[in-house]
file my_file-v3.cif (mmCIF, C-alpha atoms)
data_start
#
loop_
_atom_site.label_atom_id
_atom_site.label_comp_id
_atom_site.auth_asym_id
_atom_site.auth_seq_id
_atom_site.Cartn_x
_atom_site.Cartn_y
_atom_site.Cartn_z
CA MET B 21 10.22 -4.83 -2.69
CA LYS B 22 13.45 -4.13 -2.95
CA SER B 23 13.34 -1.60 -3.37
CA SER B 24 11.67 -2.34 -2.76
CA ASN B 25 10.78 -3.77 -0.81
CA THR B 26 8.87 -6.87 2.34
CA LEU B 27 10.09 -9.80 4.37
CA ALA B 28 7.95 -12.14 2.29
CA LEU B 29 9.54 -10.96 -0.92
CA LEU B 30 12.98 -11.55 0.52
CA VAL B 31 12.29 -15.08 1.62
CA ILE B 32 10.23 -16.10 -1.40
CA SER B 33 13.29 -15.77 -3.59
CA LEU B 34 14.63 -18.91 -1.95
CA SER B 35 12.42 -20.85 -4.33
CA ILE B 36 14.15 -19.46 -7.42
CA SER B 37 17.65 -18.54 -6.29
CA ASP B 38 19.16 -21.83 -7.47
CA GLY B 39 17.91 -21.33 -11.02
CA SER B 40 14.70 -23.37 -10.71
CA SER B 41 11.20 -22.28 -11.57
CA PHE B 42 9.57 -19.72 -9.28
CA LEU B 43 6.70 -22.14 -8.72
CA VAL B 44 8.32 -25.11 -7.05
CA PRO B 45 8.58 -27.75 -9.83
CA GLY B 46 7.08 -31.18 -9.50
CA THR B 47 5.04 -30.41 -6.37
CA SER B 48 1.31 -30.94 -6.19
CA ASN B 49 0.72 -30.53 -2.46
CA HIS B 50 1.70 -28.21 0.35
CA ALA B 51 3.92 -30.66 2.23
CA ALA B 52 6.04 -31.57 -0.78
CA ALA B 53 6.35 -27.97 -1.92
CA MET B 54 7.27 -26.77 1.54
CA GLY B 55 9.91 -29.49 1.85
CA SER B 56 11.42 -28.47 -1.46
CA LEU B 57 11.50 -24.83 -0.44
CA LYS B 58 13.09 -25.60 2.92
CA ASN B 59 15.82 -27.58 1.16
CA ARG B 60 16.57 -24.50 -0.91
CA VAL B 61 16.95 -22.48 2.27
CA SER B 62 19.84 -24.77 3.24
CA ASN B 63 21.37 -24.66 -0.23
CA LEU B 64 21.20 -20.89 -0.39
CA ALA B 65 22.69 -20.48 3.06
CA ALA B 66 25.68 -22.54 1.95
CA LYS B 67 26.17 -20.48 -1.22
CA SER B 68 25.61 -17.05 0.33
CA SER B 69 28.57 -15.21 1.81
CA GLU B 70 29.62 -11.62 1.03
CA GLY B 71 27.16 -8.72 0.82
CA ASP B 72 27.31 -5.64 -1.39
CA ASP B 73 25.60 -2.90 0.61
CA LYS B 74 27.55 -2.20 3.79
CA GLN B 75 24.93 -0.03 5.47
CA PRO B 76 22.23 -0.76 8.08
CA GLY B 77 21.50 -4.46 7.84
CA GLU B 78 25.04 -5.46 6.85
CA ASP B 79 25.10 -7.96 9.72
CA MET B 80 22.01 -9.84 8.54
CA ASN B 81 22.36 -13.57 8.02
CA PRO B 82 23.51 -14.96 4.62
CA VAL B 83 20.12 -16.50 3.77
CA THR B 84 18.26 -13.22 4.17
CA LYS B 85 20.88 -11.21 2.29
CA ALA B 86 21.02 -13.63 -0.62
CA SER B 87 17.23 -13.78 -0.74
CA TRP B 88 17.00 -10.03 -1.09
CA TYR B 89 19.38 -9.90 -4.04
CA ALA B 90 17.77 -12.94 -5.67
CA VAL B 91 14.40 -11.19 -5.61
CA GLU B 92 15.95 -8.16 -7.27
CA ALA B 93 17.52 -10.21 -10.06
CA PHE B 94 14.43 -12.35 -10.65
CA GLY B 95 12.17 -9.34 -10.76
CA LYS B 96 14.22 -7.80 -13.56
CA ILE B 97 13.68 -10.90 -15.70
CA PHE B 98 9.92 -11.05 -15.20
CA ALA B 99 9.26 -7.32 -14.89
CA PRO B 100 5.69 -6.39 -15.84
CA MET B 101 5.04 -3.51 -18.20
CA ASN B 102 3.53 -0.91 -15.89
CA GLU B 103 1.81 2.24 -17.08
CA LYS B 104 1.86 5.22 -14.74
CA ASP B 105 -1.44 6.81 -13.83
CA ASP B 106 -1.64 10.58 -13.98
CA ASP B 107 -4.55 12.30 -12.27
CA GLY B 108 -3.61 15.64 -13.84
CA SER B 109 -3.13 17.44 -10.52
CA PHE B 110 0.63 17.77 -11.04
CA ASP B 111 3.26 16.93 -13.62
CA GLU B 112 5.08 13.71 -12.66
CA SER B 113 7.56 14.28 -15.47
CA GLN B 114 9.01 17.16 -13.44
CA ALA B 115 10.49 17.30 -9.96
CA PRO B 116 8.32 19.07 -7.37
CA SER B 117 8.78 22.83 -7.25
CA SER B 118 7.69 23.32 -3.65
CA LEU B 119 7.48 21.50 -0.36
CA LYS B 120 3.69 21.62 -0.59
CA GLU B 121 3.80 19.83 -3.95
CA THR B 122 6.13 17.15 -2.57
CA LEU B 123 3.73 16.44 0.28
CA VAL B 124 0.79 16.19 -2.10
CA ARG B 125 2.69 13.77 -4.33
CA ILE B 126 3.74 11.58 -1.39
CA GLN B 127 0.09 11.40 -0.37
CA SER B 128 -0.90 10.52 -3.95
CA ASP B 129 1.64 7.69 -4.07
CA ASN B 130 0.22 6.26 -0.85
CA ASP B 131 -3.33 6.57 -2.14
CA ARG B 132 -2.42 4.29 -5.06
CA GLN B 133 -0.48 1.93 -2.76
CA TYR B 134 2.79 2.42 -4.64
CA PHE B 135 4.63 -0.08 -2.45
CA LEU B 136 2.42 -2.89 -3.79
CA SER B 137 1.18 -1.59 -7.16
CA GLY B 138 4.64 -0.48 -8.32
CA LYS B 139 3.18 2.82 -9.56
CA VAL B 140 5.61 5.24 -7.94
CA ASP B 141 6.33 8.94 -8.49
CA ARG B 142 10.09 8.63 -9.00
CA LEU B 143 10.90 12.34 -9.24
CA ILE B 144 9.89 13.13 -5.67
CA TYR B 145 13.05 11.25 -4.61
CA ASP B 146 16.61 12.51 -4.70
CA GLU B 147 18.78 10.48 -7.10
CA GLN B 148 20.87 9.28 -4.14
CA CYS B 149 17.99 8.86 -1.72
CA ILE B 150 18.66 6.28 1.00
CA PHE B 151 16.19 3.38 1.01
CA ALA B 152 16.30 1.13 4.06
CA ASP B 153 14.29 -1.59 5.78
CA PRO B 154 15.13 -3.86 8.72
CA PHE B 155 17.32 -6.03 6.47
CA VAL B 156 19.09 -3.89 3.89
CA SER B 157 19.93 -0.31 2.97
CA PHE B 158 21.17 1.29 -0.23
CA ALA B 159 21.35 4.62 -2.06
CA GLY B 160 19.79 5.06 -5.48
CA ARG B 161 16.36 6.16 -6.69
CA ASP B 162 16.38 4.23 -9.97
CA ARG B 163 17.14 0.93 -8.26
CA PHE B 164 14.28 1.46 -5.82
CA VAL B 165 11.81 2.34 -8.58
CA GLU B 166 12.81 -0.65 -10.70
CA ASN B 167 12.46 -3.01 -7.75
CA LEU B 168 8.97 -1.74 -6.92
CA GLN B 169 7.83 -2.07 -10.51
CA ASN B 170 9.02 -5.69 -10.58
CA LEU B 171 7.22 -6.86 -7.43
CA GLY B 172 4.12 -7.89 -9.36
CA SER B 173 5.87 -11.14 -10.29
CA PHE B 174 5.57 -12.29 -6.67
CA ILE B 175 2.18 -10.97 -5.56
CA THR B 176 -1.12 -12.38 -6.83
CA LYS B 177 -3.46 -10.40 -4.53
CA TYR B 178 -3.03 -7.64 -2.00
CA ASP B 179 -4.87 -5.29 0.30
CA ALA B 180 -3.62 -2.30 2.26
CA LYS B 181 -5.39 -0.20 4.90
CA MET B 182 -3.92 3.09 6.08
CA LEU B 183 -3.58 3.11 9.87
CA GLY B 184 -1.78 6.40 10.30
CA TYR B 185 -0.48 9.33 8.26
CA GLU B 186 1.38 12.17 10.00
CA VAL B 187 3.22 15.20 8.65
CA SER B 188 5.62 17.09 10.91
CA ASP B 189 4.93 20.73 11.73
CA ASP B 190 7.68 21.93 9.40
CA GLY B 191 6.54 19.58 6.63
CA LEU B 192 9.96 17.93 6.32
CA GLN B 193 8.97 14.49 7.58
CA VAL B 194 6.07 12.18 6.81
CA ASP B 195 5.36 9.05 8.85
CA THR B 196 2.93 6.41 7.61
CA LYS B 197 1.61 3.14 9.00
CA VAL B 198 -0.23 0.66 6.78
CA MET B 199 -1.78 -2.75 7.46
CA VAL B 200 -0.54 -4.84 4.54
CA LYS B 201 -1.95 -8.18 3.41
CA LEU B 202 -0.63 -9.98 0.35
CA GLU B 203 -0.87 -13.38 -1.32
CA LEU B 204 2.33 -14.86 -2.73
CA ASN B 205 2.74 -16.74 -5.97
CA LEU B 206 3.43 -20.16 -4.44
CA PRO B 207 1.45 -23.42 -4.83
CA TRP B 208 -0.14 -23.21 -1.36
CA LYS B 209 -0.89 -19.44 -1.78
CA PRO B 210 0.42 -18.16 1.57
CA ILE B 211 -0.96 -14.87 2.82
CA LEU B 212 1.29 -12.53 4.75
CA ALA B 213 0.02 -9.71 6.93
CA TRP B 214 1.62 -7.16 9.22
CA PRO B 215 1.70 -3.39 9.91
CA TRP B 216 4.29 -1.67 7.74
CA GLY B 217 5.51 1.89 8.09
CA VAL B 218 7.65 4.40 6.21
CA LYS B 219 9.44 7.54 7.35
CA TYR B 220 10.06 10.04 4.54
CA ALA B 221 12.69 12.72 5.21
CA ILE B 222 12.50 15.73 2.86
CA ASP B 223 15.32 18.14 2.08
CA GLU B 224 14.17 21.71 2.61
CA SER B 225 16.19 23.24 -0.22
CA SER B 226 15.51 20.69 -2.98
CA CYS B 227 12.04 19.60 -1.76
CA LEU B 228 13.06 16.01 -2.54
CA VAL B 229 12.81 12.91 -0.36
CA THR B 230 16.32 11.99 0.82
CA ASP B 231 15.46 9.08 3.14
CA HIS B 232 12.80 6.38 2.77
CA ILE B 233 13.05 4.26 5.92
CA GLU B 234 10.75 1.26 6.36
CA SER B 235 9.72 -0.35 9.64
CA TRP B 236 7.86 -3.64 10.07
CA ASN B 237 5.83 -4.54 13.16
CA ILE B 238 6.70 -8.22 13.00
CA ALA B 239 9.61 -10.37 14.15
CA PRO B 240 11.64 -11.82 11.23
CA VAL B 241 11.04 -15.39 12.40
CA GLU B 242 7.28 -14.83 12.40
CA GLY B 243 7.44 -13.48 8.89
CA VAL B 244 9.24 -16.63 7.76
CA LYS B 245 6.59 -18.80 9.44
CA GLN B 246 3.90 -17.08 7.40
CA ILE B 247 5.71 -18.15 4.22
CA PHE B 248 5.71 -21.85 5.08
CA ARG B 249 2.21 -22.34 6.42
CA LYS B 250 -1.17 -22.50 4.76
CA PRO B 251 -3.06 -19.20 4.90
CA THR B 252 -5.25 -18.48 7.90
CA LEU B 253 -6.51 -15.18 6.46
CA LYS B 254 -8.51 -14.26 3.39
CA LEU B 255 -8.13 -11.38 0.96
#
call {"tool": "encode", "arguments": {"input": "my_file-v3.cif", "output": "structure tokens"}}
result
Amino acid sequence: MKSSNTLALLVISLSISDGSSFLVPGTSNHAAAMGSLKNRVSNLAAKSSEGDDKQPGEDMNPVTKASWYAVEAFGKIFAPMNEKDDDGSFDESQAPSSLKETLVRIQSDNDRQYFLSGKVDRLIYDEQCIFADPFVSFAGRDRFVENLQNLGSFITKYDAKMLGYEVSDDGLQVDTKVMVKLELNLPWKPILAWPWGVKYAIDESSCLVTDHIESWNIAPVEGVKQIFRKPTLKL
């Protein structure tokens, strides 16, 4: 996340984007660590310029854009070895053969909190599916799946509660809303929390998801504040 993909994960990459350790080196308290991380914000802003994905979010500021790509690169280095669960109700090695199967598999992915666990059913997505959030957008299923599977490097604990799950009358759109809480792998263990939603658009002929559009019920500046302060919530 990423593809993967939350505001915390974008900003947290500031701590490693200059080649340093993910855990801020040489810091034993919150104030010193936070100061070090803020300095990296300035350094990254100076180094960041051109973006690659000229789609929704192309006008985002250089710090945010660079953070997103730094997370992606760092996640590839420290990617965990994930094993996919299979409940036997359908064959995840094959693309869905009906709209009904696609809907069941989307539900199954949400049940196992794919956006945090990294255990995602890749074949329900079109190869050129569009993945977008308030900051960045790109086409490409494999990139999204890889990003999700790498997110474990940044999250130490998480909790997600489904707030809403709606399927359109024709079955071609699914809208979800989830209350997400997660603890980040930083010395002061910040906890981020906000409602997060996804709109899945399904192609009627292929029965594959062609758009995976995220929405976050939080202002970007508030998300950044959650990174830099000690946690006020518990998981």
call {"tool": "closest_residue", "arguments": {"input": "my_file-v3.cif", "among": "B:Asp146, B:Asp179, B:Asp189, B:Asp153", "to": "Val229 in chain B", "atoms": "all atoms listed in the file"}}
result
B:Asp146
call {"tool": "closest_residue", "arguments": {"input": "my_file-v3.cif", "among": "B:Pro251, B:Gly217, B:Gly243, B:Gly138", "to": "Tyr185 in chain B", "atoms": "all atoms listed in the file"}}
result
B:Gly217
call {"tool": "atom_distance", "arguments": {"input": "my_file-v3.cif", "atom1": "CA of Asn167 in chain B", "atom2": "CA of Tyr220 in chain B"}}
result
18.1 Å
call {"tool": "residues_near_point", "arguments": {"input": "my_file-v3.cif", "point": "(21.5, 13.2, -0.5)", "cutoff": "6 Å", "atoms": "all atoms listed in the file", "output": "PyMOL selection string"}}
result
chain B and resi 148-149+230
call {"tool": "atom_distance", "arguments": {"input": "my_file-v3.cif", "atom1": "CA of Asp195 in chain B", "atom2": "CA of Val244 in chain B"}}
result
26.0 Å
call {"tool": "atom_distance", "arguments": {"input": "my_file-v3.cif", "atom1": "CA of Lys120 in chain B", "atom2": "CA of Pro215 in chain B"}}
result
27.2 Å
call {"tool": "resolve_selection", "arguments": {"input": "my_file-v3.cif", "expression": "the PyMOL selection byres ((chain B and resi 122-135) around 10)", "output": "CSV table (one decimal) with C-alpha atoms, keeping the file's coordinate frame"}}
result
chain,number,residue,atom,x,y,z
B,21,MET,CA,10.2,-4.8,-2.7
B,22,LYS,CA,13.4,-4.1,-3.0
B,23,SER,CA,13.3,-1.6,-3.4
B,24,SER,CA,11.7,-2.3,-2.8
B,25,ASN,CA,10.8,-3.8,-0.8
B,26,THR,CA,8.9,-6.9,2.3
B,105,ASP,CA,-1.4,6.8,-13.8
B,107,ASP,CA,-4.6,12.3,-12.3
B,109,SER,CA,-3.1,17.4,-10.5
B,110,PHE,CA,0.6,17.8,-11.0
B,111,ASP,CA,3.3,16.9,-13.6
B,112,GLU,CA,5.1,13.7,-12.7
B,115,ALA,CA,10.5,17.3,-10.0
B,116,PRO,CA,8.3,19.1,-7.4
B,117,SER,CA,8.8,22.8,-7.2
B,118,SER,CA,7.7,23.3,-3.6
B,119,LEU,CA,7.5,21.5,-0.4
B,120,LYS,CA,3.7,21.6,-0.6
B,121,GLU,CA,3.8,19.8,-4.0
B,136,LEU,CA,2.4,-2.9,-3.8
B,137,SER,CA,1.2,-1.6,-7.2
B,138,GLY,CA,4.6,-0.5,-8.3
B,139,LYS,CA,3.2,2.8,-9.6
B,140,VAL,CA,5.6,5.2,-7.9
B,141,ASP,CA,6.3,8.9,-8.5
B,142,ARG,CA,10.1,8.6,-9.0
B,143,LEU,CA,10.9,12.3,-9.2
B,144,ILE,CA,9.9,13.1,-5.7
B,145,TYR,CA,13.0,11.2,-4.6
B,165,VAL,CA,11.8,2.3,-8.6
B,167,ASN,CA,12.5,-3.0,-7.8
B,168,LEU,CA,9.0,-1.7,-6.9
B,169,GLN,CA,7.8,-2.1,-10.5
B,171,LEU,CA,7.2,-6.9,-7.4
B,178,TYR,CA,-3.0,-7.6,-2.0
B,179,ASP,CA,-4.9,-5.3,0.3
B,180,ALA,CA,-3.6,-2.3,2.3
B,181,LYS,CA,-5.4,-0.2,4.9
B,182,MET,CA,-3.9,3.1,6.1
B,185,TYR,CA,-0.5,9.3,8.3
B,187,VAL,CA,3.2,15.2,8.6
B,191,GLY,CA,6.5,19.6,6.6
B,192,LEU,CA,10.0,17.9,6.3
B,193,GLN,CA,9.0,14.5,7.6
B,194,VAL,CA,6.1,12.2,6.8
B,196,THR,CA,2.9,6.4,7.6
B,198,VAL,CA,-0.2,0.7,6.8
B,200,VAL,CA,-0.5,-4.8,4.5
B,220,TYR,CA,10.1,10.0,4.5
B,222,ILE,CA,12.5,15.7,2.9
B,227,CYS,CA,12.0,19.6,-1.8
B,228,LEU,CA,13.1,16.0,-2.5
B,229,VAL,CA,12.8,12.9,-0.4
call {"tool": "decode", "arguments": {"input": "my_file-v3.cif", "residues": "range 181-193 of chain B", "atoms": "N, CA, C and O atoms", "output": "compact mmCIF listing (two decimals), in the first residue's frame"}}
result
# COMPACT_ATOMS: atom_id res chain seq x y z
N LYS B 181 -12.38 -3.00 10.76
CA LYS B 181 -13.80 -3.30 11.03
C LYS B 181 -14.62 -2.83 9.84
O LYS B 181 -14.58 -1.67 9.45
N MET B 182 -15.38 -3.75 9.25
CA MET B 182 -16.20 -3.41 8.10
C MET B 182 -17.37 -2.53 8.53
O MET B 182 -18.14 -2.88 9.42
N LEU B 183 -17.47 -1.37 7.90
CA LEU B 183 -18.55 -0.42 8.20
C LEU B 183 -19.67 -0.49 7.18
O LEU B 183 -20.81 -0.16 7.48
N GLY B 184 -19.33 -0.88 5.96
CA GLY B 184 -20.34 -0.96 4.92
C GLY B 184 -19.87 -1.80 3.75
O GLY B 184 -18.69 -1.79 3.40
N TYR B 185 -20.81 -2.55 3.16
CA TYR B 185 -20.48 -3.39 2.00
C TYR B 185 -21.72 -3.43 1.11
O TYR B 185 -22.75 -4.01 1.49
N GLU B 186 -21.65 -2.79 -0.06
CA GLU B 186 -22.81 -2.69 -0.93
C GLU B 186 -22.48 -3.18 -2.33
O GLU B 186 -21.42 -2.85 -2.87
N VAL B 187 -23.39 -3.94 -2.90
CA VAL B 187 -23.27 -4.42 -4.28
C VAL B 187 -24.40 -3.81 -5.09
O VAL B 187 -25.56 -3.82 -4.66
N SER B 188 -24.08 -3.25 -6.24
CA SER B 188 -25.09 -2.62 -7.09
C SER B 188 -26.09 -3.67 -7.58
O SER B 188 -25.82 -4.88 -7.58
N ASP B 189 -27.25 -3.20 -8.03
CA ASP B 189 -28.30 -4.11 -8.47
C ASP B 189 -27.86 -5.00 -9.61
O ASP B 189 -28.26 -6.18 -9.69
N ASP B 190 -27.02 -4.47 -10.51
CA ASP B 190 -26.56 -5.28 -11.64
C ASP B 190 -25.31 -6.09 -11.31
O ASP B 190 -24.83 -6.86 -12.14
N GLY B 191 -24.78 -5.92 -10.09
CA GLY B 191 -23.62 -6.69 -9.67
C GLY B 191 -22.30 -6.24 -10.25
O GLY B 191 -21.28 -6.91 -10.07
N LEU B 192 -22.29 -5.09 -10.91
CA LEU B 192 -21.07 -4.64 -11.59
C LEU B 192 -20.26 -3.63 -10.78
O LEU B 192 -19.24 -3.13 -11.26
N GLN B 193 -20.72 -3.31 -9.59
CA GLN B 193 -19.96 -2.40 -8.73
C GLN B 193 -20.14 -2.81 -7.27
O GLN B 193 -21.23 -3.12 -6.82
